[in-house]
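A.B. asks: Data file entry-v2.pdb (PDB, C-alpha atoms, pLDDT in the B column) is appended below.
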```pdb
MODEL        1
ATOM      1  CA  MET A   5       0.000   0.000   0.000  1.00 59.00           C
ATOM      2  CA  LEU A   6       1.352   3.415  -1.011  1.00 54.00           C
ATOM      3  CA  THR A   7      -0.110   6.616   0.343  1.00 56.00           C
ATOM      4  CA  GLY A   8       0.762  10.291   0.662  1.00 55.00           C
ATOM      5  CA  LEU A   9       1.339  11.580   4.184  1.00 55.00           C
ATOM      6  CA  PRO A  10       1.482  15.142   5.571  1.00 56.00           C
ATOM      7  CA  GLY A  11       4.439  17.201   4.410  1.00 64.00           C
ATOM      8  CA  GLY A  12       4.791  15.236   1.199  1.00 64.00           C
ATOM      9  CA  LEU A  13       5.942  12.072   2.976  1.00 66.00           C
ATOM     10  CA  GLU A  14       4.990   8.761   1.457  1.00 71.00           C
ATOM     11  CA  PHE A  15       4.216   5.459   3.130  1.00 75.00           C
ATOM     12  CA  THR A  16       4.758   2.065   1.576  1.00 79.00           C
ATOM     13  CA  GLY A  17       3.845  -1.031   3.552  1.00 86.00           C
ATOM     14  CA  THR A  18       1.124  -3.428   4.527  1.00 92.00           C
ATOM     15  CA  PRO A  19      -2.333  -2.433   5.756  1.00 93.00           C
ATOM     16  CA  GLU A  20      -1.278  -3.612   9.231  1.00 95.00           C
ATOM     17  CA  GLN A  21       1.790  -1.344   9.153  1.00 94.00           C
ATOM     18  CA  LEU A  22      -0.285   1.654   8.084  1.00 91.00           C
ATOM     19  CA  ALA A  23      -2.833   0.941  10.845  1.00 94.00           C
ATOM     20  CA  GLU A  24       0.053   0.767  13.343  1.00 94.00           C
ATOM     21  CA  LEU A  25       1.408   4.104  12.112  1.00 90.00           C
ATOM     22  CA  ILE A  26      -2.014   5.739  12.440  1.00 89.00           C
ATOM     23  CA  GLU A  27      -2.480   4.240  15.899  1.00 91.00           C
ATOM     24  CA  HIS A  28       0.957   5.493  16.979  1.00 90.00           C
ATOM     25  CA  TRP A  29       0.331   9.056  15.735  1.00 87.00           C
ATOM     26  CA  VAL A  30      -3.066   9.267  17.414  1.00 87.00           C
ATOM     27  CA  GLY A  31      -1.812   7.620  20.614  1.00 88.00           C
ATOM     28  CA  GLU A  32       1.101  10.051  20.897  1.00 86.00           C
ATOM     29  CA  GLY A  33      -1.122  13.066  20.285  1.00 85.00           C
ATOM     30  CA  GLY A  34       0.415  13.714  16.892  1.00 79.00           C
ATOM     31  CA  SER A  35      -2.915  13.638  15.103  1.00 79.00           C
ATOM     32  CA  ASP A  36      -6.602  13.997  15.780  1.00 73.00           C
ATOM     33  CA  GLY A  37      -7.650  13.044  12.259  1.00 75.00           C
ATOM     34  CA  PHE A  38      -6.411  12.253   8.783  1.00 76.00           C
ATOM     35  CA  THR A  39      -7.069  13.378   5.252  1.00 76.00           C
ATOM     36  CA  LEU A  40      -6.819  10.574   2.731  1.00 76.00           C
ATOM     37  CA  GLN A  41      -4.794  11.288  -0.378  1.00 74.00           C
ATOM     38  CA  PRO A  42      -4.963   8.086  -2.406  1.00 72.00           C
ATOM     39  CA  THR A  43      -2.353   7.822  -5.128  1.00 73.00           C
ATOM     40  CA  THR A  44      -4.880   6.266  -7.507  1.00 74.00           C
ATOM     41  CA  ILE A  45      -8.665   6.395  -7.378  1.00 76.00           C
ATOM     42  CA  PRO A  46     -10.599   4.213  -6.827  1.00 80.00           C
ATOM     43  CA  ASP A  47      -7.973   1.505  -6.219  1.00 82.00           C
ATOM     44  CA  SER A  48      -6.005   3.094  -3.362  1.00 82.00           C
ATOM     45  CA  LEU A  49      -9.139   4.325  -1.627  1.00 86.00           C
ATOM     46  CA  GLU A  50     -10.734   0.881  -1.866  1.00 90.00           C
ATOM     47  CA  LEU A  51      -7.569  -0.723  -0.462  1.00 89.00           C
ATOM     48  CA  PHE A  52      -7.669   1.641   2.518  1.00 90.00           C
ATOM     49  CA  VAL A  53     -11.385   1.127   3.159  1.00 92.00           C
ATOM     50  CA  ASP A  54     -11.312  -2.634   2.647  1.00 95.00           C
ATOM     51  CA  HIS A  55      -8.056  -3.413   4.476  1.00 95.00           C
ATOM     52  CA  VAL A  56      -6.959  -0.625   6.851  1.00 94.00           C
ATOM     53  CA  VAL A  57     -10.344   0.504   8.194  1.00 95.00           C
ATOM     54  CA  PRO A  58     -11.292  -3.004   9.476  1.00 97.00           C
ATOM     55  CA  ILE A  59      -7.986  -3.164  11.380  1.00 97.00           C
ATOM     56  CA  LEU A  60      -8.629   0.261  12.910  1.00 95.00           C
ATOM     57  CA  GLN A  61     -12.170  -0.856  13.817  1.00 96.00           C
ATOM     58  CA  GLN A  62     -10.838  -3.995  15.533  1.00 96.00           C
ATOM     59  CA  ARG A  63      -8.477  -1.781  17.553  1.00 95.00           C
ATOM     60  CA  GLY A  64     -11.338   0.524  18.557  1.00 92.00           C
ATOM     61  CA  MET A  65      -9.895   3.438  16.586  1.00 89.00           C
ATOM     62  CA  HIS A  66     -12.656   3.779  14.006  1.00 88.00           C
ATOM     63  CA  ARG A  67     -16.410   3.575  14.416  1.00 85.00           C
ATOM     64  CA  THR A  68     -18.286   0.556  13.151  1.00 89.00           C
ATOM     65  CA  GLU A  69     -21.605   2.371  12.757  1.00 87.00           C
ATOM     66  CA  TYR A  70     -23.003   5.867  12.838  1.00 81.00           C
ATOM     67  CA  THR A  71     -24.998   7.058  15.822  1.00 78.00           C
ATOM     68  CA  GLY A  72     -27.266   9.617  14.187  1.00 86.00           C
ATOM     69  CA  ALA A  73     -28.547  11.120  10.990  1.00 89.00           C
ATOM     70  CA  THR A  74     -26.538  14.361  10.802  1.00 89.00           C
ATOM     71  CA  LEU A  75     -22.866  15.313  10.660  1.00 86.00           C
ATOM     72  CA  ARG A  76     -23.263  16.956  14.081  1.00 88.00           C
ATOM     73  CA  ASP A  77     -24.521  13.613  15.437  1.00 87.00           C
ATOM     74  CA  HIS A  78     -21.585  11.749  13.893  1.00 83.00           C
ATOM     75  CA  LEU A  79     -19.112  14.202  15.422  1.00 82.00           C
ATOM     76  CA  GLY A  80     -20.762  13.955  18.835  1.00 84.00           C
ATOM     77  CA  LEU A  81     -21.776  17.614  18.847  1.00 88.00           C
ATOM     78  CA  PRO A  82     -24.960  18.861  20.520  1.00 88.00           C
ATOM     79  CA  SER A  83     -27.993  19.695  18.409  1.00 84.00           C
ATOM     80  CA  ILE A  84     -28.660  23.319  17.618  1.00 84.00           C
ATOM     81  CA  THR A  85     -32.167  24.670  17.876  1.00 82.00           C
ATOM     82  CA  THR A  86     -32.807  27.559  15.551  1.00 78.00           C
ATOM     83  CA  PRO A  87     -35.493  30.176  16.033  1.00 75.00           C
ATOM     84  CA  SER A  88     -38.391  30.243  13.639  1.00 69.00           C
ATOM     85  CA  HIS A  89     -37.879  32.534  10.677  1.00 65.00           C
ATOM     86  CA  ARG A  90     -41.509  33.658  10.814  1.00 62.00           C
ATOM     87  CA  SER A  91     -42.619  36.496  13.035  1.00 59.00           C
ATOM     88  CA  ASP A  92     -45.464  36.031  15.558  1.00 58.00           C
ATOM     89  CA  SER A  93     -47.838  38.049  13.357  1.00 57.00           C
ATOM     90  CA  ALA A  94     -47.080  35.851  10.337  1.00 56.00           C
ATOM     91  CA  GLN A  95     -47.758  32.702  12.378  1.00 56.00           C
ATOM     92  CA  THR A  96     -51.219  33.865  13.458  1.00 58.00           C
ATOM     93  CA  ALA A  97     -52.332  35.051  10.018  1.00 54.00           C
TER      94      ALA A  97
ENDMDL
END
```
Translate this file's structure into structure tokens.

C.D. replies:
Amino acid sequence: MLTGLPGGLEFTGTPEQLAELIEHWVGEGGSDGFTLQPTTIPDSLELFVDHVVPILQQRGMHRTEYTGATLRDHLGLPSITTPSHRSDSAQTA
């Protein structure tokens, strides 16, 4: 597996080695997220999703299902209630 890393670094290795690198960076506080930059699409992206993500899921480092229906839910952020855009007089008319 070949992938681009921050700062123009490249990684070549097995899915297990890439999962270990990700786990190390997150565990040491060196990262709180990653941006995927596959070298070829869709092949590299499919390799990551099919081979690295399951390893990260087994290690408890990646969710196995989503907990809500919105991005805010997925990120664990509280819901926002927005005021009505209609004025009181428009609501009674």

A.B. asks: Report the distance between CA of Thr68 (chain A) and CA of Thr85 (chain A) in Å, rounded to one decimal place.

C.D. replies: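 Separating CA of Thr68 (chain A) from CA of Thr85 (chain A) is a distance of 28.2 Å.
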
A.B. asks: Starting from 3 Å padding per side, set up an axis-aligned box that covers all listed atoms of region 50-66 of chain A and hand over centre and edge lengths in Å, one decimal, as JSON.

C.D. replies:
```
{"center_x": -9.8, "center_y": -0.1, "center_z": 8.3, "size_x": 11.7, "size_y": 13.8, "size_z": 26.4}
```

A.B. asks: Do you have the CA of Pro42 (chain A)-CA of Ala23 (chain A) distance handy?

C.D. replies: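 The value is 15.2 Å.
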
A.B. asks: If the PyMOL selection byres ((chain A and resi 55) around 10) were run on this exact file, what residues would it hold? Put them as a list in words.

C.D. replies: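 When the PyMOL selection byres ((chain A and resi 55) around 10) is applied, the selected residues are Met5, Thr18, Pro19, Glu20, Leu22, Ala23, Leu49, Glu50, Leu51, Phe52, Val53, Asp54, Val56, Val57, Pro58, Ile59 and Leu60 of chain A.
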
A.B. asks: Would you save the residues of that selection, restricted to C-alpha atoms, as an mmCIF file, in the frame of the given file?

C.D. replies:
```
data_model
loop_
_atom_site.group_PDB
_atom_site.id
_atom_site.type_symbol
_atom_site.label_atom_id
_atom_site.label_comp_id
_atom_site.auth_asym_id
_atom_site.auth_seq_id
_atom_site.Cartn_x
_atom_site.Cartn_y
_atom_site.Cartn_z
ATOM 1 C CA MET A 5 0.000 0.000 0.000
ATOM 2 C CA THR A 18 1.124 -3.428 4.527
ATOM 3 C CA PRO A 19 -2.333 -2.433 5.756
ATOM 4 C CA GLU A 20 -1.278 -3.612 9.231
ATOM 5 C CA LEU A 22 -0.285 1.654 8.084
ATOM 6 C CA ALA A 23 -2.833 0.941 10.845
ATOM 7 C CA LEU A 49 -9.139 4.325 -1.627
ATOM 8 C CA GLU A 50 -10.734 0.881 -1.866
ATOM 9 C CA LEU A 51 -7.569 -0.723 -0.462
ATOM 10 C CA PHE A 52 -7.669 1.641 2.518
ATOM 11 C CA VAL A 53 -11.385 1.127 3.159
ATOM 12 C CA ASP A 54 -11.312 -2.634 2.647
ATOM 13 C CA VAL A 56 -6.959 -0.625 6.851
ATOM 14 C CA VAL A 57 -10.344 0.504 8.194
ATOM 15 C CA PRO A 58 -11.292 -3.004 9.476
ATOM 16 C CA ILE A 59 -7.986 -3.164 11.380
ATOM 17 C CA LEU A 60 -8.629 0.261 12.910
#
```

A.B. asks: Just to confirm, what's the straight-line distance from CA of Gln41 (chain A) to CA of Glu14 (chain A) in Å (one decimal)?

C.D. replies: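 Between these atoms lies a distance of 10.3 Å.
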
A.B. asks: Would you translate the PyMOL selection byres ((chain A and resi 24-28) around 12) into the concrete set of residues it matches in this file, as a ChimeraX atom specification?

C.D. replies: /A:9,15-23,29-40,56-57,59-66
